[in-house]
$ cat model_29.txt   # compact mmCIF, C-alpha atoms
# COMPACT_ATOMS: atom_id res chain seq x y z
CA PRO A 1 -10.24 -18.27 1.36
CA PRO A 2 -12.08 -15.01 2.12
CA PRO A 3 -13.71 -13.20 -0.79
CA PRO A 4 -11.79 -10.37 -2.46
CA PRO A 5 -12.11 -6.96 -0.75
CA GLY A 6 -15.17 -5.09 -1.93
CA THR A 7 -17.07 -8.30 -2.77
CA ASN A 8 -20.69 -8.34 -1.64
CA LEU A 9 -20.95 -11.08 0.99
CA LEU A 10 -24.71 -11.39 0.49
CA SER A 11 -26.21 -13.65 -2.16
CA ASN A 12 -29.01 -12.33 -4.37
CA PRO A 13 -28.70 -8.89 -2.70
CA GLY A 14 -31.13 -7.18 -5.06
CA PHE A 15 -33.73 -10.00 -5.02
CA GLU A 16 -33.62 -10.31 -8.82
CA SER A 17 -33.57 -14.10 -8.38
CA GLY A 18 -36.69 -14.01 -6.25
CA ASP A 19 -36.32 -15.50 -2.79
CA THR A 20 -33.23 -17.55 -3.74
CA ARG A 21 -30.84 -17.73 -0.76
CA TRP A 22 -33.27 -15.80 1.43
CA SER A 23 -35.58 -17.20 4.09
CA ALA A 24 -38.70 -15.09 3.83
CA THR A 25 -42.32 -15.06 4.95
CA PRO A 26 -44.81 -15.48 2.05
CA SER A 27 -45.43 -12.67 -0.42
CA VAL A 28 -42.51 -10.51 0.71
CA ILE A 29 -40.01 -10.86 -2.14
CA ARG A 30 -41.85 -10.04 -5.34
CA GLN A 31 -42.06 -7.83 -8.40
CA TRP A 32 -44.28 -5.18 -6.89
CA GLY A 33 -44.62 -3.11 -10.04
CA SER A 34 -45.54 0.56 -10.11
CA SER A 35 -47.21 0.42 -6.69
CA GLN A 36 -43.82 -0.20 -5.04
CA PRO A 37 -41.07 0.34 -7.63
CA ALA A 38 -37.75 -1.35 -6.96
CA HIS A 39 -34.67 0.77 -6.35
CA SER A 40 -33.07 -1.02 -9.30
CA GLY A 41 -34.22 -3.94 -11.40
CA THR A 42 -37.77 -5.14 -10.87
CA TRP A 43 -37.65 -7.17 -7.64
CA SER A 44 -37.68 -5.98 -4.03
CA ALA A 45 -38.73 -7.12 -0.56
CA ARG A 46 -41.74 -5.45 1.05
CA LEU A 47 -42.27 -5.79 4.77
CA GLY A 48 -45.68 -4.75 6.03
CA GLY A 49 -48.21 -2.63 4.19
CA TYR A 50 -51.29 -4.47 5.51
CA GLY A 51 -52.73 -2.05 8.08
CA ALA A 52 -53.41 -4.96 10.42
CA PRO A 53 -51.41 -6.81 13.09
CA HIS A 54 -48.79 -8.51 10.96
CA ASP A 55 -45.12 -9.55 10.99
CA ASP A 56 -42.91 -10.08 7.92
CA SER A 57 -39.25 -11.04 7.78
CA ILE A 58 -36.36 -11.97 5.52
CA SER A 59 -33.05 -13.45 6.63
CA GLN A 60 -29.82 -14.87 5.27
CA LEU A 61 -26.83 -16.60 6.82
CA VAL A 62 -23.63 -14.72 6.03
CA THR A 63 -20.00 -15.21 7.08
CA ILE A 64 -17.90 -12.14 7.79
CA PRO A 65 -14.16 -12.69 7.22
CA ALA A 66 -11.91 -12.71 10.27
CA ALA A 67 -9.76 -9.68 11.12
CA SER A 68 -11.81 -7.37 8.97
CA SER A 69 -14.18 -4.47 9.25
CA ALA A 70 -17.63 -4.92 7.73
CA THR A 71 -20.43 -2.58 6.72
CA LEU A 72 -24.00 -3.32 5.72
CA SER A 73 -25.72 -0.81 3.48
CA TYR A 74 -29.21 -1.03 2.04
CA TYR A 75 -31.89 1.07 0.40
CA VAL A 76 -35.30 1.30 2.01
CA HIS A 77 -38.49 3.10 1.02
CA VAL A 78 -40.71 3.77 4.02
CA SER A 79 -44.28 4.84 3.26
CA THR A 80 -47.10 5.18 5.76
CA LEU A 81 -50.80 6.00 6.04
CA GLU A 82 -50.45 6.89 9.70
CA THR A 83 -51.75 10.38 10.47
CA PRO A 84 -50.80 12.98 13.11
CA PRO A 85 -50.27 13.10 15.97
CA LEU A 86 -47.47 10.75 15.02
CA ARG A 87 -45.62 8.33 17.21
CA VAL A 88 -44.08 4.93 16.60
CA TYR A 89 -46.72 2.47 15.50
CA ASP A 90 -45.01 0.23 12.95
CA THR A 91 -41.34 -0.81 12.90
CA MET A 92 -38.65 -2.53 10.89
CA THR A 93 -35.78 -4.06 12.84
CA VAL A 94 -32.38 -5.15 11.53
CA ARG A 95 -30.78 -7.92 13.58
CA ALA A 96 -27.71 -10.09 13.71
CA GLY A 97 -29.06 -13.22 15.35
CA SER A 98 -31.09 -11.92 18.26
CA THR A 99 -29.16 -8.65 18.58
CA THR A 100 -30.91 -5.54 17.33
CA LEU A 101 -28.67 -3.42 15.13
CA GLN A 102 -31.05 -0.78 13.80
CA THR A 103 -34.74 0.08 14.01
CA LEU A 104 -36.82 2.20 11.65
CA SER A 105 -40.47 3.13 12.06
CA ASN A 106 -43.35 4.93 10.40
CA LEU A 107 -41.62 8.12 11.58
CA ASN A 108 -38.91 7.46 8.96
CA ALA A 109 -41.40 7.71 6.09
CA ALA A 110 -40.07 9.71 3.12
CA ASN A 111 -40.49 10.07 -0.60
CA GLY A 112 -38.23 7.63 -2.42
CA TYR A 113 -35.51 5.35 -1.18
CA GLN A 114 -33.16 6.18 1.68
CA LEU A 115 -29.67 4.74 2.09
CA LYS A 116 -28.98 3.21 5.51
CA THR A 117 -25.78 1.72 6.90
CA VAL A 118 -24.90 -0.58 9.81
CA ASP A 119 -21.45 -1.38 11.17
CA LEU A 120 -21.03 -5.17 11.46
CA SER A 121 -17.33 -5.18 12.36
CA ALA A 122 -18.11 -6.66 15.78
CA TYR A 123 -19.05 -9.90 13.99
CA SER A 124 -15.70 -10.37 12.25
CA GLY A 125 -14.88 -14.06 11.87
CA ARG A 126 -18.44 -15.18 12.60
CA THR A 127 -21.42 -16.50 10.69
CA ILE A 128 -24.57 -14.60 11.54
CA ALA A 129 -28.23 -14.70 10.62
CA LEU A 130 -28.84 -11.24 9.19
CA SER A 131 -32.54 -10.45 9.32
CA PHE A 132 -35.03 -7.68 8.62
CA THR A 133 -38.38 -7.86 10.41
CA GLY A 134 -41.38 -5.63 9.84
CA SER A 135 -44.11 -5.35 12.50
CA GLU A 136 -47.44 -3.53 12.11
CA ASP A 137 -50.19 -2.74 14.58
CA GLU A 138 -53.92 -2.86 13.91
CA LEU A 139 -54.42 0.54 12.29
CA ALA A 140 -53.03 2.41 9.24
CA ALA A 141 -50.54 0.62 7.01
CA THR A 142 -46.79 1.21 6.85
CA SER A 143 -44.57 -0.56 4.36
CA PHE A 144 -40.79 -0.96 4.36
CA VAL A 145 -39.45 -1.84 0.90
CA LEU A 146 -35.88 -3.13 0.79
CA ASP A 147 -33.58 -3.33 -2.20
CA ASP A 148 -29.90 -3.38 -3.23
CA LEU A 149 -28.33 -4.68 -0.03
CA THR A 150 -24.55 -4.69 0.26
CA LEU A 151 -22.36 -6.28 2.93
CA THR A 152 -18.63 -5.90 2.42
CA GLY A 153 -15.66 -6.64 4.64
CA TRP A 154 -11.98 -5.91 4.19
CA SER A 155 -8.63 -5.90 5.96
CA CYS A 156 -5.68 -3.64 5.28
CA THR A 157 -2.17 -4.87 4.43
CA PRO A 158 1.03 -3.01 3.51
CA SER A 159 0.25 -3.66 -0.15
CA THR A 160 -3.21 -2.09 0.09
CA VAL A 161 -3.52 0.97 -2.12
CA ILE A 162 -5.50 3.71 -0.43
CA PHE A 163 -5.15 7.47 -0.67
CA SER A 164 -7.07 10.71 -0.95
CA PRO A 165 -7.45 12.72 -4.17
CA LEU A 166 -8.76 15.61 -2.05
CA ASP A 167 -12.06 16.71 -3.63
CA PHE A 168 -12.61 14.29 -6.52
CA THR A 169 -16.34 14.87 -7.00
CA GLY A 170 -16.68 18.65 -7.16
CA ASP A 171 -18.61 19.09 -3.91
CA ALA A 172 -15.73 20.78 -2.02
CA ARG A 173 -15.38 17.75 0.27
CA SER A 174 -12.33 15.52 0.42
CA ASP A 175 -12.78 11.94 -0.74
CA VAL A 176 -10.92 8.61 -0.43
CA ILE A 177 -9.93 6.11 -3.12
CA ARG A 178 -9.05 2.43 -2.62
CA VAL A 179 -7.90 -0.24 -5.05
CA THR A 180 -9.04 -3.80 -4.34
CA SER A 181 -6.89 -6.85 -5.07
CA PRO A 182 -8.55 -7.53 -8.47
CA GLY A 183 -7.61 -3.97 -9.49
CA ASN A 184 -11.02 -2.35 -9.07
CA LEU A 185 -10.98 1.34 -8.20
CA TYR A 186 -13.47 2.44 -5.54
CA LEU A 187 -14.44 5.97 -4.56
CA TYR A 188 -15.63 6.88 -1.06
CA ARG A 189 -17.26 10.29 -0.93
CA GLY A 190 -16.44 12.36 2.13
CA ASN A 191 -19.28 14.13 3.91
CA GLY A 192 -17.19 17.15 4.89
CA LEU A 193 -17.69 16.39 8.58
CA GLY A 194 -15.04 13.75 9.15
CA GLY A 195 -16.91 10.79 7.72
CA LEU A 196 -18.25 9.22 4.55
CA SER A 197 -21.54 9.95 2.81
CA GLY A 198 -22.26 6.34 1.87
CA PRO A 199 -20.82 3.10 0.52
CA ALA A 200 -18.10 2.97 -2.10
CA THR A 201 -18.76 3.43 -5.79
CA SER A 202 -16.80 1.50 -8.40
CA ILE A 203 -15.22 3.98 -10.82
CA GLY A 204 -12.79 1.80 -12.73
CA THR A 205 -11.10 -1.54 -13.35
CA GLY A 206 -7.63 -2.66 -14.36
CA TRP A 207 -5.74 -0.59 -11.81
CA GLY A 208 -3.88 -3.57 -10.34
CA GLY A 209 -0.96 -3.10 -12.73
CA PHE A 210 0.30 0.00 -10.94
CA THR A 211 2.94 -0.35 -8.23
CA THR A 212 2.21 3.12 -6.90
CA LEU A 213 -0.88 5.33 -7.05
CA PHE A 214 -1.31 8.77 -5.50
CA SER A 215 -2.93 12.11 -6.17
CA PRO A 216 -1.24 15.51 -6.52
CA GLY A 217 -4.63 17.20 -6.44
CA ASP A 218 -4.98 19.42 -9.49
CA PHE A 219 -1.98 18.58 -11.65
CA THR A 220 -3.25 19.95 -14.98
CA GLY A 221 -4.49 23.43 -14.06
CA ASP A 222 -8.21 22.78 -14.56
CA HIS A 223 -9.07 22.87 -10.85
CA ARG A 224 -9.93 19.15 -10.85
CA SER A 225 -8.05 16.51 -8.92
CA ASP A 226 -6.00 14.02 -10.90
CA ILE A 227 -4.29 10.68 -10.21
CA LEU A 228 -0.73 9.60 -10.98
CA GLY A 229 0.32 5.96 -11.28
CA VAL A 230 3.63 4.15 -11.77
CA SER A 231 3.52 0.96 -13.80
CA ALA A 232 5.62 -2.16 -13.18
CA THR A 233 8.04 -0.92 -15.85
CA GLY A 234 8.52 2.43 -14.09
CA ASP A 235 6.42 4.52 -16.46
CA LEU A 236 4.48 7.39 -14.91
CA TYR A 237 0.89 7.87 -16.08
CA ARG A 238 -1.47 10.76 -15.51
CA PHE A 239 -5.24 10.24 -15.22
CA ALA A 240 -7.12 13.50 -15.49
CA GLY A 241 -10.12 13.78 -13.19
CA ASN A 242 -13.39 15.15 -14.55
CA GLY A 243 -14.38 16.84 -11.29
CA ALA A 244 -17.43 14.61 -10.93
CA GLY A 245 -15.95 11.41 -9.53
CA GLY A 246 -14.45 9.99 -12.72
CA PHE A 247 -11.93 10.63 -15.48
CA THR A 248 -11.87 12.53 -18.75
CA GLY A 249 -10.26 9.63 -20.64
CA SER A 250 -7.47 7.08 -20.52
CA GLY A 251 -4.15 7.55 -18.82
CA VAL A 252 -1.34 9.49 -20.51
CA ARG A 253 2.28 8.51 -20.03
CA ILE A 254 4.23 11.52 -18.79
CA GLY A 255 7.52 9.96 -17.75
CA SER A 256 9.71 6.90 -17.35
CA GLY A 257 12.30 5.70 -14.84
CA TRP A 258 10.07 6.19 -11.81
CA GLY A 259 10.49 2.61 -10.61
CA GLY A 260 13.58 3.55 -8.60
CA PHE A 261 11.57 5.33 -5.93
CA THR A 262 10.47 3.44 -2.84
CA ARG A 263 7.93 6.14 -1.98
CA LEU A 264 6.14 8.75 -4.03
CA PHE A 265 3.67 11.32 -2.78
CA SER A 266 2.57 14.85 -3.45
CA PRO A 267 2.66 17.81 -1.05
CA GLY A 268 0.58 19.87 -3.45
CA ASP A 269 2.33 23.15 -4.14
CA PHE A 270 5.69 22.75 -2.41
CA THR A 271 7.54 25.55 -4.22
CA GLY A 272 5.18 28.51 -3.94
CA ASP A 273 4.32 28.80 -7.63
CA GLY A 274 0.73 27.58 -7.30
CA ARG A 275 1.46 24.28 -9.08
CA SER A 276 1.36 20.81 -7.56
CA ASP A 277 4.68 19.00 -7.18
CA VAL A 278 5.84 15.45 -6.47
CA LEU A 279 8.29 14.14 -3.87
CA GLY A 280 10.10 10.82 -4.20
CA VAL A 281 12.39 8.83 -1.90
CA THR A 282 15.03 6.54 -3.40
CA SER A 283 16.26 3.26 -1.95
CA ARG A 284 19.24 5.19 -0.52
CA GLY A 285 16.92 7.51 1.34
CA ASP A 286 17.47 10.56 -0.85
CA LEU A 287 14.49 12.89 -1.20
CA TYR A 288 13.84 14.37 -4.64
CA LEU A 289 11.57 17.20 -5.68
CA TYR A 290 9.87 17.24 -9.09
CA ARG A 291 8.32 20.62 -9.85
CA GLY A 292 4.99 20.45 -11.63
CA ASN A 293 4.42 22.74 -14.59
CA GLY A 294 0.71 23.15 -13.94
CA LEU A 295 -0.12 21.54 -17.27
CA GLY A 296 0.13 17.86 -16.34
CA GLY A 297 3.90 17.46 -16.45
CA PHE A 298 7.15 18.70 -14.89
CA THR A 299 9.43 21.67 -15.46
CA GLY A 300 12.55 19.49 -15.59
CA SER A 301 14.39 16.71 -13.80
CA GLY A 302 14.18 16.02 -10.10
CA VAL A 303 16.31 17.95 -7.59
CA ARG A 304 17.67 16.28 -4.47
CA ILE A 305 16.49 18.24 -1.44
CA GLY A 306 17.38 15.88 1.41
CA THR A 307 18.99 12.66 2.61
CA GLY A 308 18.22 10.15 5.36
CA TRP A 309 14.55 9.77 4.53
CA GLY A 310 14.75 6.00 4.21
CA GLY A 311 14.19 5.51 7.92
CA PHE A 312 10.51 6.40 7.70
CA VAL A 313 7.95 3.64 7.29
CA SER A 314 5.30 6.17 6.29
CA LEU A 315 5.59 9.52 4.54
CA LEU A 316 2.70 11.82 3.73
CA SER A 317 1.87 15.43 3.23
CA PRO A 318 -1.20 17.09 4.76
CA ARG A 319 -0.39 20.14 2.63
CA ASP A 320 -0.35 23.09 5.05
CA PHE A 321 -0.37 21.55 8.53
CA THR A 322 0.99 24.52 10.48
CA GLY A 323 -1.17 27.41 9.30
CA ASP A 324 1.56 29.35 7.49
CA GLY A 325 0.27 28.67 3.98
CA ARG A 326 3.16 26.34 3.12
CA SER A 327 3.00 22.60 2.51
CA ASP A 328 4.58 20.33 5.11
CA VAL A 329 5.62 16.68 5.36
CA LEU A 330 4.92 14.11 8.08
CA GLY A 331 7.03 11.01 8.61
CA VAL A 332 6.52 8.01 10.91
CA THR A 333 9.51 5.97 12.05
CA SER A 334 9.64 2.23 12.72
CA ARG A 335 9.19 3.07 16.43
CA GLY A 336 5.89 4.75 15.69
CA GLU A 337 7.12 8.30 16.26
CA MET A 338 5.67 11.01 14.04
CA PHE A 339 7.86 13.89 12.89
CA LEU A 340 6.80 17.16 11.30
CA TYR A 341 8.95 18.81 8.65
CA ARG A 342 7.85 22.37 7.97
CA GLY A 343 8.05 23.41 4.35
CA ASN A 344 9.62 26.76 3.53
CA GLY A 345 7.37 27.39 0.52
CA LEU A 346 10.38 27.39 -1.81
CA GLY A 347 10.94 23.67 -2.33
CA GLY A 348 12.67 22.84 0.93
CA PHE A 349 12.29 22.84 4.70
CA THR A 350 12.77 25.42 7.43
CA GLY A 351 14.83 23.04 9.56
CA SER A 352 14.96 19.55 10.99
CA GLY A 353 11.96 17.46 11.87
CA VAL A 354 10.10 17.94 15.14
CA ARG A 355 8.52 14.99 16.92
CA ILE A 356 4.80 15.64 17.36
CA GLY A 357 3.53 12.24 18.45
CA THR A 358 4.10 8.60 19.30
CA GLY A 359 2.13 5.38 18.93
CA TRP A 360 1.55 5.71 15.19
CA GLY A 361 3.06 2.30 14.45
CA GLY A 362 -0.31 0.59 14.85
CA PHE A 363 -1.48 1.89 11.49
CA VAL A 364 -0.83 -0.04 8.31
CA LYS A 365 -1.64 2.98 6.17
CA LEU A 366 -1.48 6.72 6.86
CA PHE A 367 -2.52 9.44 4.44
CA SER A 368 -3.98 12.91 4.45
CA PRO A 369 -7.17 14.05 2.71
CA GLY A 370 -6.39 17.68 3.52
CA ASP A 371 -9.36 19.16 5.34
CA PHE A 372 -11.63 16.18 5.99
CA THR A 373 -13.74 17.70 8.75
CA GLY A 374 -14.80 21.04 7.30
CA ASP A 375 -12.92 23.27 9.73
CA GLY A 376 -10.35 24.52 7.23
CA ARG A 377 -7.51 22.55 8.83
CA SER A 378 -5.68 19.56 7.40
CA ASP A 379 -6.31 16.17 8.94
CA VAL A 380 -4.77 12.68 8.82
CA LEU A 381 -6.44 9.31 8.31
CA GLY A 382 -5.00 6.08 9.70
CA VAL A 383 -6.06 2.55 8.73
CA ARG A 384 -5.40 -0.46 10.97
CA SER A 385 -4.92 -4.02 9.77
CA ASN A 386 -8.58 -4.87 10.44
CA GLY A 387 -9.68 -2.03 8.17
CA PHE A 388 -10.80 0.26 10.98
CA THR A 389 -10.14 3.83 9.89
CA TYR A 390 -9.54 6.76 12.21
CA VAL A 391 -9.52 10.49 11.57
CA TYR A 392 -7.08 12.71 13.44
CA ARG A 393 -8.15 16.32 13.35
CA GLY A 394 -5.39 18.82 12.71
CA LYS A 395 -5.29 21.91 14.90
CA GLY A 396 -3.81 24.11 12.20
CA THR A 397 -0.67 24.71 14.25
CA GLY A 398 1.32 21.55 13.51
CA VAL A 399 -0.35 19.25 16.02
CA PHE A 400 -3.65 17.39 16.48
CA THR A 401 -6.67 18.42 18.53
CA GLY A 402 -6.82 15.08 20.35
CA SER A 403 -7.07 11.36 19.82
CA GLY A 404 -8.35 9.73 16.67
CA THR A 405 -12.04 9.13 16.02
CA LYS A 406 -13.18 5.94 14.31
CA ILE A 407 -15.02 6.55 11.05
CA THR A 408 -18.35 4.73 11.04
CA PRO A 409 -19.35 3.40 8.61
CA GLY A 410 -15.82 2.71 7.49
CA LEU A 411 -14.11 1.89 4.24
CA SER A 412 -15.65 -1.56 3.67

$ encode --input "model_29.txt" --output "structure tokens"
Amino acid sequence: PPPPPGTNLLSNPGFESGDTRWSATPSVIRQWGSSQPAHSGTWSARLGGYGAPHDDSISQLVTIPAASSATLSYYVHVSTLETPPLRVYDTMTVRAGSTTLQTLSNLNAANGYQLKTVDLSAYSGRTIALSFTGSEDELAATSFVLDDLTLTGWSCTPSTVIFSPLDFTGDARSDVIRVTSPGNLYLYRGNGLGGLSGPATSIGTGWGGFTTLFSPGDFTGDHRSDILGVSATGDLYRFAGNGAGGFTGSGVRIGSGWGGFTRLFSPGDFTGDGRSDVLGVTSRGDLYLYRGNGLGGFTGSGVRIGTGWGGFVSLLSPRDFTGDGRSDVLGVTSRGEMFLYRGNGLGGFTGSGVRIGTGWGGFVKLFSPGDFTGDGRSDVLGVRSNGFTYVYRGKGTGVFTGSGTKITPGLS
């Protein structure tokens, strides 16, 4: 069977076991000490650094699971003695087999390690020889020191838990959270430009016991995004975010009887009181509103605000999608049609839904990170079964600016 999502497909990725599982030219994988400190641990792989015609390489056979997206990330420290006028003299090339994926040179020299990523989704279902080759000319030395390589692949299913907590790290950029099948919680930091700033970071374990996870944004009034989860017994737990990509403590149970909802999500402030609320759909298709109290709980019981919502296969809220300052709701039918329901800012809607698009049935998961592109307008992210993730930029008027753009690197 394929490895669990989020599992590093590379063996000995930080070289702490020497050259185990790697094919390498002599004196490449070593403990280089203070002259070339490792990114973590004590071992790394140095390509070049001789100042003479020389080639170094490391390689490993790796199998990428079928029907999945895959991303390679690695840290590299490039240092050079080349002097101006600068041009490319020495190079490091990343390859899959004989295909060049990425090339760095002495022009990429910088203080400290740099994080680099490569999309390997094109090799889904294949075994490839992943290699790094350093080549120097006859003059000044350039070294490329590699460490902490990660190659992950994943596919998305209806049971996949993925959502956005809006800004979870305090940098004013919307982020994404995913739970892997073992129950590990991963954070993907948004770059504020419609993409991700790097690979995922593990921020927790034991989250597999929740049947539903979502974020209402700030639910406690401290201006930090929080997470709500429903357990298998229907208990609702609140996890308070610390504003820095983690939590202030353990979860707190704030309710029971939530297992009767087939869908739960938050539109943020849906009632105009500045407090985040929660919407839930029952098995009969009734839509209920739970008003948040701004302190991590609710003002009372849920109020039914609609019927017939059971026909949607996806429901999400991009908060204000129309530019009127009121939170809205988007729903996708089994035919792939997307409908917009404009919120009235008082806990209801201004009228019936309006169809704003078709062809949305190809996405296994749809959710909104709010403004993901830095233009002040709410956007939508869609994830296909192979894990490819697309961003659809909102226009701020209740429609999108155009077709979706694939996020590269993705959510591997």

$ residues_around --input "model_29.txt" --residues "segment 159-169 of chain A" --least-positions-apart "6" --cutoff "8 Å" --atoms "all atoms listed in the file" --output "ChimeraX atom specification"
/A:175-181,189,212-217,224-227,241,243-246,365,367-370

$ residues_near_point --input "model_29.txt" --point "(-1.3, 6.3, -12.4)" --cutoff "8 Å" --atoms "only C-alpha atoms" --output "list in words"
Phe210, Thr212, Leu213, Phe214, Ile227, Leu228, Gly229, Val230, Ser231, Leu236, Tyr237, Arg238, Phe239 and Gly251 of chain A

$ write_last_selection --input "model_29.txt" --atoms "C-alpha atoms" --output "tab-separated table (two decimals), in the frame of the given file"
chain	number	residue	atom	x	y	z
A	210	PHE	CA	0.30	0.00	-10.94
A	212	THR	CA	2.21	3.12	-6.90
A	213	LEU	CA	-0.88	5.33	-7.05
A	214	PHE	CA	-1.31	8.77	-5.50
A	227	ILE	CA	-4.29	10.68	-10.21
A	228	LEU	CA	-0.73	9.60	-10.98
A	229	GLY	CA	0.32	5.96	-11.28
A	230	VAL	CA	3.63	4.15	-11.77
A	231	SER	CA	3.52	0.96	-13.80
A	236	LEU	CA	4.48	7.39	-14.91
A	237	TYR	CA	0.89	7.87	-16.08
A	238	ARG	CA	-1.47	10.76	-15.51
A	239	PHE	CA	-5.24	10.24	-15.22
A	251	GLY	CA	-4.15	7.55	-18.82

$ closest_residue --input "model_29.txt" --among "A:Gly280, A:Arg173, A:Leu340, A:Asn293" --to "Gly376 of chain A" --atoms "only C-alpha atoms"
A:Arg173

$ closest_atom_pairs --input "model_29.txt" --of "segment 125-234 of chain A" --to "segment 76-94 of chain A" --cutoff "8 Å" --atoms "only C-alpha atoms" --output "tab-separated table"
residue	atom	partner	partner_atom	distance
A:Leu130	CA	A:Val94	CA	7.4
A:Ser131	CA	A:Val94	CA	5.7
A:Phe132	CA	A:Val94	CA	4.7
A:Thr133	CA	A:Thr93	CA	5.2
A:Gly134	CA	A:Met92	CA	4.3
A:Ser135	CA	A:Thr91	CA	5.3
A:Glu136	CA	A:Asp90	CA	4.6
A:Asp137	CA	A:Asp90	CA	6.2
A:Leu139	CA	A:Glu82	CA	7.9
A:Ala140	CA	A:Glu82	CA	5.2
A:Ala141	CA	A:Leu81	CA	5.5
A:Thr142	CA	A:Thr80	CA	4.1
A:Ser143	CA	A:Ser79	CA	5.5
A:Phe144	CA	A:Val78	CA	4.7
A:Val145	CA	A:His77	CA	5.0
A:Leu146	CA	A:Val76	CA	4.6
A:Asp147	CA	A:Val76	CA	6.5

$ closest_residue --input "model_29.txt" --among "A:Gly348, A:Gly382, A:Pro53, A:Gly325" --to "Gly396 of chain A" --atoms "all atoms listed in the file"
A:Gly325

$ axis_aligned_box --input "model_29.txt" --around "segment 77-80 of chain A" --padding-each-side "5 Å" --output "AutoDock Vina command-line options"
--center_x -42.8 --center_y 4.1 --center_z 3.4 --size_x 18.6 --size_y 12.1 --size_z 14.7

$ atom_distance --input "model_29.txt" --atom1 "atom CA of Gly294 of chain A" --atom2 "atom CA of Phe219 of chain A"
5.8 Å

$ residues_near_point --input "model_29.txt" --point "(-23.3, -4.0, 10.1)" --cutoff "8 Å" --atoms "all atoms listed in the file" --output "count of residues only"
11

$ closest_residue --input "model_29.txt" --among "A:Asp218, A:Glu138, A:Asp328, A:Asp235" --to "Leu279 of chain A" --atoms "only C-alpha atoms"
A:Asp328

$ residues_around --input "model_29.txt" --residues "Thr152 of chain A" --least-positions-apart "6" --cutoff "12 Å" --atoms "all atoms listed in the file" --output "VMD selection string"
chain A and resid 2 to 11 13 62 to 65 68 to 74 117 to 121 124 180 199 to 200 387 409 to 412

$ atom_distance --input "model_29.txt" --atom1 "atom CA of Val380 of chain A" --atom2 "atom CA of Ala122 of chain A"
24.5 Å
